[in-house]
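This is final_29.cif (mmCIF, C-alpha atoms).
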```
data_protein
loop_
_atom_site.group_PDB
_atom_site.id
_atom_site.type_symbol
_atom_site.label_atom_id
_atom_site.label_comp_id
_atom_site.auth_asym_id
_atom_site.auth_seq_id
_atom_site.Cartn_x
_atom_site.Cartn_y
_atom_site.Cartn_z
ATOM 1 C CA MET S 1 0.000 0.000 0.000
ATOM 2 C CA SER S 2 1.433 3.393 -1.000
ATOM 3 C CA GLU S 3 1.453 6.484 1.186
ATOM 4 C CA LYS S 4 -1.976 8.041 1.504
ATOM 5 C CA ALA S 5 -3.192 11.585 2.019
ATOM 6 C CA ILE S 6 -6.371 13.464 2.830
ATOM 7 C CA TYR S 7 -7.111 16.243 0.331
ATOM 8 C CA PHE S 8 -9.045 19.331 1.445
ATOM 9 C CA ASP S 9 -10.237 21.972 -1.027
ATOM 10 C CA SER S 10 -11.292 25.084 0.881
ATOM 11 C CA SER S 11 -12.897 26.529 -2.246
ATOM 12 C CA LYS S 12 -15.445 23.686 -2.294
ATOM 13 C CA CYS S 13 -16.117 23.468 1.441
ATOM 14 C CA THR S 14 -19.585 24.671 2.502
ATOM 15 C CA ALA S 15 -18.842 24.416 6.238
ATOM 16 C CA CYS S 16 -21.686 21.953 6.763
ATOM 17 C CA LYS S 17 -19.571 20.275 9.473
ATOM 18 C CA GLY S 18 -20.642 16.862 8.300
ATOM 19 C CA CYS S 19 -17.026 15.762 8.635
ATOM 20 C CA GLN S 20 -17.053 16.739 12.304
ATOM 21 C CA ALA S 21 -20.191 14.701 12.925
ATOM 22 C CA ALA S 22 -18.910 11.692 10.967
ATOM 23 C CA CYS S 23 -15.651 11.702 12.915
ATOM 24 C CA LYS S 24 -17.521 11.685 16.199
ATOM 25 C CA CYS S 25 -19.847 8.900 15.098
ATOM 26 C CA TRP S 26 -17.134 6.596 13.795
ATOM 27 C CA ASN S 27 -14.753 7.153 16.701
ATOM 28 C CA ASN S 28 -17.443 7.158 19.385
ATOM 29 C CA LEU S 29 -16.567 10.645 20.629
ATOM 30 C CA PRO S 30 -19.223 12.040 22.968
ATOM 31 C CA THR S 31 -20.757 15.474 22.543
ATOM 32 C CA PRO S 32 -21.929 17.326 25.665
ATOM 33 C CA TYR S 33 -25.438 18.745 25.574
ATOM 34 C CA GLU S 34 -25.103 21.508 28.150
ATOM 35 C CA LEU S 35 -25.514 25.129 27.038
ATOM 36 C CA ASN S 36 -22.222 26.612 25.833
ATOM 37 C CA SER S 37 -20.437 23.392 26.738
ATOM 38 C CA ALA S 38 -18.075 23.876 23.802
ATOM 39 C CA GLY S 39 -17.035 27.305 25.044
ATOM 40 C CA THR S 40 -18.316 30.862 25.280
ATOM 41 C CA PHE S 41 -19.712 32.320 22.046
ATOM 42 C CA THR S 42 -16.945 34.274 20.329
ATOM 43 C CA GLY S 43 -18.932 35.938 17.565
ATOM 44 C CA THR S 44 -18.109 33.336 14.938
ATOM 45 C CA LEU S 45 -19.956 30.315 13.630
ATOM 46 C CA GLN S 46 -16.882 28.195 14.281
ATOM 47 C CA ASN S 47 -17.945 25.611 16.816
ATOM 48 C CA PRO S 48 -16.264 24.447 18.947
ATOM 49 C CA PRO S 49 -13.700 27.249 18.921
ATOM 50 C CA ASP S 50 -10.775 24.816 19.023
ATOM 51 C CA LEU S 51 -9.922 21.127 19.058
ATOM 52 C CA GLN S 52 -11.011 19.384 22.223
ATOM 53 C CA PRO S 53 -10.447 16.000 23.889
ATOM 54 C CA ASN S 54 -13.719 14.837 22.342
ATOM 55 C CA THR S 55 -13.382 16.682 19.010
ATOM 56 C CA ARG S 56 -10.613 15.621 16.625
ATOM 57 C CA ILE S 57 -11.537 17.834 13.682
ATOM 58 C CA ILE S 58 -13.164 21.248 13.320
ATOM 59 C CA ILE S 59 -14.030 23.480 10.392
ATOM 60 C CA THR S 60 -12.557 26.922 10.974
ATOM 61 C CA PHE S 61 -14.388 30.106 9.985
ATOM 62 C CA ASN S 62 -12.811 33.353 8.944
ATOM 63 C CA GLU S 63 -15.151 36.143 7.912
ATOM 64 C CA ALA S 64 -12.929 38.659 6.129
ATOM 65 C CA ASP S 65 -14.329 41.949 4.799
ATOM 66 C CA ASN S 66 -13.878 41.946 1.030
ATOM 67 C CA GLY S 67 -14.413 45.684 0.676
ATOM 68 C CA LYS S 68 -17.883 45.381 -0.787
ATOM 69 C CA LYS S 69 -21.155 46.402 0.856
ATOM 70 C CA TYR S 70 -22.104 43.577 3.203
ATOM 71 C CA GLY S 71 -19.397 41.562 1.487
ATOM 72 C CA VAL S 72 -17.600 38.788 3.316
ATOM 73 C CA ASN S 73 -14.980 36.344 2.115
ATOM 74 C CA TRP S 74 -15.883 33.122 3.850
ATOM 75 C CA ALA S 75 -12.631 31.253 4.341
ATOM 76 C CA PHE S 76 -13.452 27.775 5.582
ATOM 77 C CA GLY S 77 -10.525 25.736 6.834
ATOM 78 C CA ARG S 78 -9.922 22.300 8.268
ATOM 79 C CA ARG S 79 -8.140 21.862 11.577
ATOM 80 C CA ALA S 80 -6.966 18.402 12.605
ATOM 81 C CA CYS S 81 -3.795 16.314 12.698
ATOM 82 C CA MET S 82 -1.627 17.020 9.648
ATOM 83 C CA HIS S 83 -0.007 13.561 9.683
ATOM 84 C CA CYS S 84 3.519 14.872 9.146
ATOM 85 C CA THR S 85 6.096 12.795 7.305
ATOM 86 C CA ASN S 86 8.551 13.396 10.162
ATOM 87 C CA PRO S 87 6.167 13.925 13.072
ATOM 88 C CA ALA S 88 7.564 15.804 16.045
ATOM 89 C CA CYS S 89 4.976 14.171 18.283
ATOM 90 C CA VAL S 90 6.323 10.705 17.525
ATOM 91 C CA SER S 91 9.925 11.784 18.104
ATOM 92 C CA VAL S 92 9.213 12.873 21.686
ATOM 93 C CA CYS S 93 6.797 10.136 22.727
ATOM 94 C CA PRO S 94 8.669 8.253 25.480
ATOM 95 C CA SER S 95 6.291 5.301 25.638
ATOM 96 C CA GLY S 96 5.954 4.510 21.925
ATOM 97 C CA ALA S 97 2.226 5.244 22.025
ATOM 98 C CA LEU S 98 2.492 7.419 18.898
ATOM 99 C CA TYR S 99 3.828 5.963 15.678
ATOM 100 C CA VAL S 100 3.706 6.275 11.899
ATOM 101 C CA ASP S 101 1.751 3.531 10.177
ATOM 102 C CA GLU S 102 4.252 2.108 7.688
ATOM 103 C CA GLU S 103 1.643 1.180 5.076
ATOM 104 C CA THR S 104 -0.141 4.520 4.857
ATOM 105 C CA GLY S 105 2.212 7.120 6.355
ATOM 106 C CA LEU S 106 -0.568 8.254 8.700
ATOM 107 C CA VAL S 107 0.271 9.100 12.310
ATOM 108 C CA THR S 108 -1.724 6.982 14.716
ATOM 109 C CA TYR S 109 -1.393 5.758 18.279
ATOM 110 C CA ASP S 110 -1.979 3.041 20.826
ATOM 111 C CA SER S 111 -3.796 4.685 23.728
ATOM 112 C CA SER S 112 -2.983 1.757 26.033
ATOM 113 C CA LYS S 113 0.675 2.831 25.914
ATOM 114 C CA CYS S 114 0.003 6.530 26.570
ATOM 115 C CA ILE S 115 1.389 7.701 29.922
ATOM 116 C CA GLY S 116 -0.255 11.124 29.768
ATOM 117 C CA CYS S 117 2.957 13.176 29.655
ATOM 118 C CA GLN S 118 1.504 15.464 26.924
ATOM 119 C CA TYR S 119 4.947 15.920 25.348
ATOM 120 C CA CYS S 120 3.353 15.408 21.928
ATOM 121 C CA ARG S 121 1.228 18.529 22.210
ATOM 122 C CA SER S 122 4.223 20.557 23.330
ATOM 123 C CA ALA S 123 6.206 19.385 20.294
ATOM 124 C CA CYS S 124 3.531 19.656 17.577
ATOM 125 C CA PRO S 125 3.993 22.724 15.324
ATOM 126 C CA PHE S 126 0.223 22.732 14.696
ATOM 127 C CA ASP S 127 -0.839 22.369 18.361
ATOM 128 C CA VAL S 128 -3.065 19.414 17.531
ATOM 129 C CA PRO S 129 -2.918 16.567 20.074
ATOM 130 C CA ARG S 130 -5.429 16.759 22.885
ATOM 131 C CA HIS S 131 -5.744 14.562 25.966
ATOM 132 C CA THR S 132 -8.732 13.203 27.815
ATOM 133 C CA ASN S 133 -9.182 13.434 31.576
ATOM 134 C CA VAL S 134 -6.718 16.301 32.009
ATOM 135 C CA GLY S 135 -7.172 17.737 35.488
ATOM 136 C CA LEU S 136 -9.375 14.904 36.711
ATOM 137 C CA THR S 137 -7.819 13.358 39.807
ATOM 138 C CA GLY S 138 -7.501 9.605 39.672
ATOM 139 C CA ASP S 139 -8.236 9.282 35.953
ATOM 140 C CA ASN S 140 -5.680 8.200 33.388
ATOM 141 C CA ILE S 141 -4.736 10.916 30.900
ATOM 142 C CA LYS S 142 -4.854 9.567 27.347
ATOM 143 C CA ILE S 143 -4.008 11.118 23.986
ATOM 144 C CA ASN S 144 -6.816 11.799 21.519
ATOM 145 C CA LYS S 145 -6.305 13.061 17.983
ATOM 146 C CA CYS S 146 -7.151 12.241 14.367
ATOM 147 C CA THR S 147 -5.775 8.827 13.389
ATOM 148 C CA GLY S 148 -6.586 9.172 9.701
ATOM 149 C CA CYS S 149 -9.067 6.330 10.285
ATOM 150 C CA VAL S 150 -6.294 3.802 9.668
ATOM 151 C CA ASP S 151 -8.710 1.072 10.721
ATOM 152 C CA ARG S 152 -11.007 1.988 7.809
ATOM 153 C CA VAL S 153 -8.234 2.652 5.306
ATOM 154 C CA LYS S 154 -6.717 -0.801 5.779
ATOM 155 C CA GLN S 155 -10.103 -2.266 4.888
ATOM 156 C CA GLY S 156 -10.216 -0.332 1.622
ATOM 157 C CA ARG S 157 -12.485 2.410 2.956
ATOM 158 C CA LYS S 158 -12.059 6.184 3.114
ATOM 159 C CA PRO S 159 -11.668 8.068 6.403
ATOM 160 C CA ALA S 160 -15.033 8.838 7.983
ATOM 161 C CA CYS S 161 -14.768 12.577 7.346
ATOM 162 C CA VAL S 162 -14.055 12.051 3.636
ATOM 163 C CA SER S 163 -16.879 9.587 3.170
ATOM 164 C CA THR S 164 -19.509 12.116 4.230
ATOM 165 C CA CYS S 165 -18.323 15.238 2.338
ATOM 166 C CA GLN S 166 -21.100 15.990 -0.176
ATOM 167 C CA PRO S 167 -19.490 18.894 -2.089
ATOM 168 C CA GLY S 168 -16.316 16.854 -2.627
ATOM 169 C CA ALA S 169 -14.088 19.210 -0.663
ATOM 170 C CA LEU S 170 -12.519 16.164 0.973
ATOM 171 C CA GLN S 171 -10.863 13.435 -1.058
ATOM 172 C CA PHE S 172 -8.593 10.549 -0.161
ATOM 173 C CA GLY S 173 -6.006 8.579 -2.080
ATOM 174 C CA ASP S 174 -2.328 8.159 -2.855
ATOM 175 C CA ARG S 175 -0.377 11.191 -1.690
ATOM 176 C CA ASP S 176 1.155 11.816 -5.112
ATOM 177 C CA GLU S 177 -2.277 11.846 -6.721
ATOM 178 C CA MET S 178 -3.734 14.169 -4.080
ATOM 179 C CA LEU S 179 -0.816 16.545 -4.496
ATOM 180 C CA ALA S 180 -1.216 16.612 -8.286
ATOM 181 C CA MET S 181 -4.941 17.265 -7.885
ATOM 182 C CA ALA S 182 -4.241 20.145 -5.506
ATOM 183 C CA LYS S 183 -1.781 21.812 -7.871
ATOM 184 C CA GLU S 184 -4.221 21.564 -10.744
ATOM 185 C CA ARG S 185 -6.982 23.082 -8.638
ATOM 186 C CA VAL S 186 -4.778 25.977 -7.509
ATOM 187 C CA GLU S 187 -4.004 26.848 -11.114
ATOM 188 C CA TYR S 188 -7.718 26.846 -11.855
ATOM 189 C CA LEU S 189 -8.437 29.173 -8.929
ATOM 190 C CA LYS S 190 -5.665 31.555 -9.945
ATOM 191 C CA GLY S 191 -7.205 31.654 -13.410
ATOM 192 C CA LYS S 192 -10.450 32.725 -11.764
ATOM 193 C CA GLY S 193 -8.765 35.675 -10.068
ATOM 194 C CA PHE S 194 -7.775 34.183 -6.719
ATOM 195 C CA ALA S 195 -4.138 35.252 -6.879
ATOM 196 C CA ASP S 196 -3.331 34.058 -3.341
ATOM 197 C CA ALA S 197 -4.516 30.489 -3.918
ATOM 198 C CA ARG S 198 -1.887 27.950 -2.919
ATOM 199 C CA VAL S 199 -1.107 24.364 -2.000
ATOM 200 C CA TYR S 200 -0.308 23.742 1.644
ATOM 201 C CA GLY S 201 1.284 20.574 2.947
ATOM 202 C CA GLU S 202 3.593 19.680 0.071
ATOM 203 C CA THR S 203 6.742 20.807 1.877
ATOM 204 C CA GLU S 204 5.483 22.326 5.122
ATOM 205 C CA ALA S 205 6.775 20.486 8.193
ATOM 206 C CA GLY S 206 8.738 18.204 5.896
ATOM 207 C CA GLY S 207 5.616 17.333 3.928
ATOM 208 C CA THR S 208 2.295 16.252 5.397
ATOM 209 C CA HIS S 209 -0.328 13.645 4.607
ATOM 210 C CA VAL S 210 -3.057 16.261 4.589
ATOM 211 C CA ILE S 211 -2.913 18.375 1.432
ATOM 212 C CA TYR S 212 -4.760 21.703 1.406
ATOM 213 C CA VAL S 213 -6.000 23.858 -1.435
ATOM 214 C CA LEU S 214 -6.300 27.348 0.042
ATOM 215 C CA LYS S 215 -8.447 29.820 -1.847
ATOM 216 C CA TYR S 216 -7.571 32.932 0.143
ATOM 217 C CA PRO S 217 -4.341 34.154 1.824
ATOM 218 C CA LEU S 218 -2.898 31.859 4.478
ATOM 219 C CA SER S 219 -3.642 34.465 7.160
ATOM 220 C CA GLN S 220 -7.346 33.598 6.847
ATOM 221 C CA TYR S 221 -6.784 30.007 7.916
ATOM 222 C CA GLU S 222 -5.566 28.640 11.234
ATOM 223 C CA LEU S 223 -2.302 27.425 9.736
ATOM 224 C CA PRO S 224 1.278 28.576 10.403
ATOM 225 C CA GLU S 225 3.314 30.000 7.520
ATOM 226 C CA ASN S 226 6.452 28.069 8.326
ATOM 227 C CA PRO S 227 5.580 25.315 10.806
ATOM 228 C CA GLN S 228 8.571 24.183 12.814
ATOM 229 C CA PRO S 229 8.744 21.604 15.596
ATOM 230 C CA SER S 230 8.809 23.156 19.044
ATOM 231 C CA GLY S 231 12.202 23.763 20.672
ATOM 232 C CA PHE S 232 11.056 21.090 23.067
ATOM 233 C CA VAL S 233 11.982 18.520 20.401
ATOM 234 C CA ASP S 234 15.606 19.644 20.376
ATOM 235 C CA ALA S 235 15.701 19.686 24.151
ATOM 236 C CA PHE S 236 14.226 16.216 24.242
ATOM 237 C CA GLY S 237 16.846 15.095 21.725
ATOM 238 C CA ILE S 238 19.543 16.274 24.118
ATOM 239 C CA LEU S 239 17.895 14.690 27.115
ATOM 240 C CA LYS S 240 17.580 11.326 25.417
ATOM 241 C CA PRO S 241 21.340 10.619 25.207
ATOM 242 C CA LEU S 242 21.826 12.069 28.693
ATOM 243 C CA THR S 243 19.148 9.771 30.014
ATOM 244 C CA ALA S 244 20.717 6.884 28.136
ATOM 245 C CA ALA S 245 24.127 7.758 29.580
ATOM 246 C CA ALA S 246 22.658 7.880 33.064
ATOM 247 C CA ALA S 247 21.055 4.508 32.494
ATOM 248 C CA VAL S 248 24.361 3.074 31.286
ATOM 249 C CA ALA S 249 26.120 4.504 34.331
ATOM 250 C CA THR S 250 23.503 3.006 36.623
ATOM 251 C CA VAL S 251 23.825 -0.391 35.002
ATOM 252 C CA ALA S 252 27.612 -0.167 35.162
ATOM 253 C CA GLY S 253 27.429 0.738 38.843
ATOM 254 C CA LEU S 254 25.185 -2.210 39.531
ATOM 255 C CA GLY S 255 27.621 -4.416 37.635
ATOM 256 C CA ILE S 256 30.528 -3.215 39.748
ATOM 257 C CA SER S 257 28.509 -3.793 42.903
ATOM 258 C CA TYR S 258 27.738 -7.310 41.767
ATOM 259 C CA ALA S 259 31.361 -8.006 40.813
ATOM 260 C CA THR S 260 32.683 -6.824 44.143
ATOM 261 C CA GLY S 261 30.089 -8.897 45.946
ATOM 262 C CA VAL S 262 30.816 -12.161 44.163
ATOM 263 C CA GLY S 263 31.925 -14.755 46.711
ATOM 264 C CA TYR S 264 30.478 -12.812 49.618
ATOM 265 C CA LYS S 265 28.061 -14.811 51.723
ATOM 266 C CA ARG S 266 26.262 -13.442 54.700
ATOM 267 C CA PRO S 267 26.673 -15.898 57.626
ATOM 268 C CA THR S 268 23.602 -17.777 58.786
ATOM 269 C CA MET S 269 23.174 -16.995 62.448
ATOM 270 C CA ARG S 270 21.316 -18.604 65.336
ATOM 271 C CA TYR S 271 20.740 -17.659 68.954
ATOM 272 C CA ASP S 272 22.155 -19.896 71.706
ATOM 273 C CA GLU S 273 19.589 -19.416 74.466
ATOM 274 C CA ALA S 274 21.660 -21.270 77.085
ATOM 275 C CA ASN S 275 24.680 -18.990 76.762
ATOM 276 C CA HIS S 276 22.928 -15.993 75.271
ATOM 277 C CA ASP S 277 25.258 -15.965 72.283
ATOM 278 C CA VAL S 278 24.712 -15.208 68.621
ATOM 279 C CA VAL S 279 26.671 -17.888 66.776
ATOM 280 C CA ASP S 280 27.488 -18.867 63.185
ATOM 281 C CA ALA S 281 25.087 -21.676 62.375
ATOM 282 C CA GLU S 282 27.671 -23.476 60.232
ATOM 283 C CA THR S 283 30.873 -23.110 62.267
ATOM 284 C CA GLY S 284 29.476 -22.596 65.779
ATOM 285 C CA GLU S 285 31.749 -19.573 66.184
ATOM 286 C CA VAL S 286 30.409 -16.960 68.599
ATOM 287 C CA ILE S 287 29.646 -13.770 66.734
ATOM 288 C CA LYS S 288 28.294 -11.757 69.651
ATOM 289 C CA HIS S 289 27.476 -12.334 73.306
ATOM 290 C CA ILE S 290 24.265 -10.741 74.502
ATOM 291 C CA ASP S 291 24.515 -9.151 77.948
ATOM 292 C CA ARG S 292 20.898 -9.297 79.049
ATOM 293 C CA GLU S 293 21.561 -7.473 82.321
ATOM 294 C CA ALA S 294 22.902 -4.525 80.352
ATOM 295 C CA GLY S 295 19.714 -4.515 78.341
ATOM 296 C CA GLU S 296 21.332 -5.362 75.021
ATOM 297 C CA LEU S 297 18.523 -7.725 74.118
#
```

Before we go any further, please render this structure as structure tokens.
Amino acid sequence: MSEKAIYFDSSKCTACKGCQAACKCWNNLPTPYELNSAGTFTGTLQNPPDLQPNTRIIITFNEADNGKKYGVNWAFGRRACMHCTNPACVSVCPSGALYVDEETGLVTYDSSKCIGCQYCRSACPFDVPRHTNVGLTGDNIKINKCTGCVDRVKQGRKPACVSTCQPGALQFGDRDEMLAMAKERVEYLKGKGFADARVYGETEAGGTHVIYVLKYPLSQYELPENPQPSGFVDAFGILKPLTAAAAVATVAGLGISYATGVGYKRPTMRYDEANHDVVDAETGEVIKHIDREAGEL
């Protein structure tokens, strides 16, 4: 199976949020029913305002004034895991919970291995990973993010979000094909007067497995211009060999302790009640006399 990619064309997106609903349904992600449970109203139709432990994908809204009377450029974006080719989150995961699926190139995880350190979120240049049960005493903190629906893909199906997109803004296939499609679409949009149209994800963050077609300037989407892994990744890279060195030193110290202790045998002792002596059980040699009157016993 060749590397796969999710294709998102912002010029075709109608912001119906069907992808959000499909993601929740397939991945059994609960939705709270309380008023304003997703956050305080911010004056935009974007809901929820950001990714959450129970929301892996959101459609972003940017209502930019286009200079015309009552005119608004609706820039609809997609915010979820970008499935980087060289994912920073994987590089800092100490438990091996996060990994790149070798068949598809998608970044997925094994929640049973997650130790709740949240290093992945600190490292991600897109601030994507979220964690459940954060702040709840006694509950295990577990990572939650888009997996690319690897379970579906390996059965020949499209990711849940793609399968429900009626206007065709979302597509799924081989990464090379999705990239070619995106470039062709950008040229079409530029021919229609959208001079700032561009492909995003071809080279950003070393190349991603989510390919965007952006209709408007990048500033109207919740995407960084030049995404770079957090400095935490470099620090973690330094700490890794230091930790390894410390581990080696510890093992070496234990080895020395063992070597120096080879041949040593603690004597088996018994108490001679008649004489009040502690003696070597094997040789009968008196190790210590107990003076009961002095209160030594």

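Across the chains present, the PyMOL selection byres ((chain S and resi 224-228) around 8) applied to this file returns Pro125, Phe126, Glu204, Ala205, Leu218, Glu222, Leu223, Pro229 and Ser230 of chain S.
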
Can you list, as a list in words, the residues that the PyMOL selection byres ((chain S and resi 181-193) around 9) selects here? Tyr7, Phe8, Asp9, Ser11, Asp176, Glu177, Met178, Leu179, Ala180, Phe194, Ala195, Asp196, Ala197, Arg198, Val199, Tyr200, Ile211, Tyr212, Val213, Leu214 and Lys215 of chain S

Quick one: pull the distance between atom CA of Ala88 of chain S and atom CA of Val134 of chain S, Å, one decimal. 21.4 Å

Residues near segment 47-62 of chain S, anyone? I mean within 8 Å using all atoms listed in the file, not counting same-chain ones fewer than 3 positions away, as a count of residues only. 32

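Taking only C-alpha atoms, the non-local environment of Lys4 of chain S within 8 Å (same-chain residues fewer than 5 positions away omitted) comprises Thr104, Gly105, Leu106, Phe172, Gly173, Asp174, Arg175 and His209 of chain S.
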
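The residue that comes closest to Pro87 of chain S, out of S:Val233, S:Ile115, S:Ile141, S:Leu45 and on the basis of all atoms listed in the file, is S:Val233.
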
In Å to one decimal, how far is atom CA of Cys89 of chain S from atom CA of Asp101 of chain S? 13.8 Å

Ground truth for the PyMOL selection byres ((chain S and resi 119) around 8), written as a PDB file with C-alpha atoms, in the frame of the given file:
```pdb
ATOM      1  CA  CYS S  89       4.976  14.171  18.283  1.00  0.00           C
ATOM      2  CA  VAL S  92       9.213  12.873  21.686  1.00  0.00           C
ATOM      3  CA  CYS S  93       6.797  10.136  22.727  1.00  0.00           C
ATOM      4  CA  CYS S 117       2.957  13.176  29.655  1.00  0.00           C
ATOM      5  CA  GLN S 118       1.504  15.464  26.924  1.00  0.00           C
ATOM      6  CA  CYS S 120       3.353  15.408  21.928  1.00  0.00           C
ATOM      7  CA  ARG S 121       1.228  18.529  22.210  1.00  0.00           C
ATOM      8  CA  SER S 122       4.223  20.557  23.330  1.00  0.00           C
ATOM      9  CA  ALA S 123       6.206  19.385  20.294  1.00  0.00           C
TER      10      ALA S 123
END
```

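Between atom CA of Ala97 of chain S and atom CA of Val150 of chain S the separation is 15.1 Å.
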
Using only C-alpha atoms, pick whichever of S:Gln171, S:Gln46, S:Val210, S:Asn140 has the shortest atom-to-atom distance to Cys16 of chain S.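 Looking only at the distances to Cys16 of chain S, the closest residue turns out to be S:Gln46.
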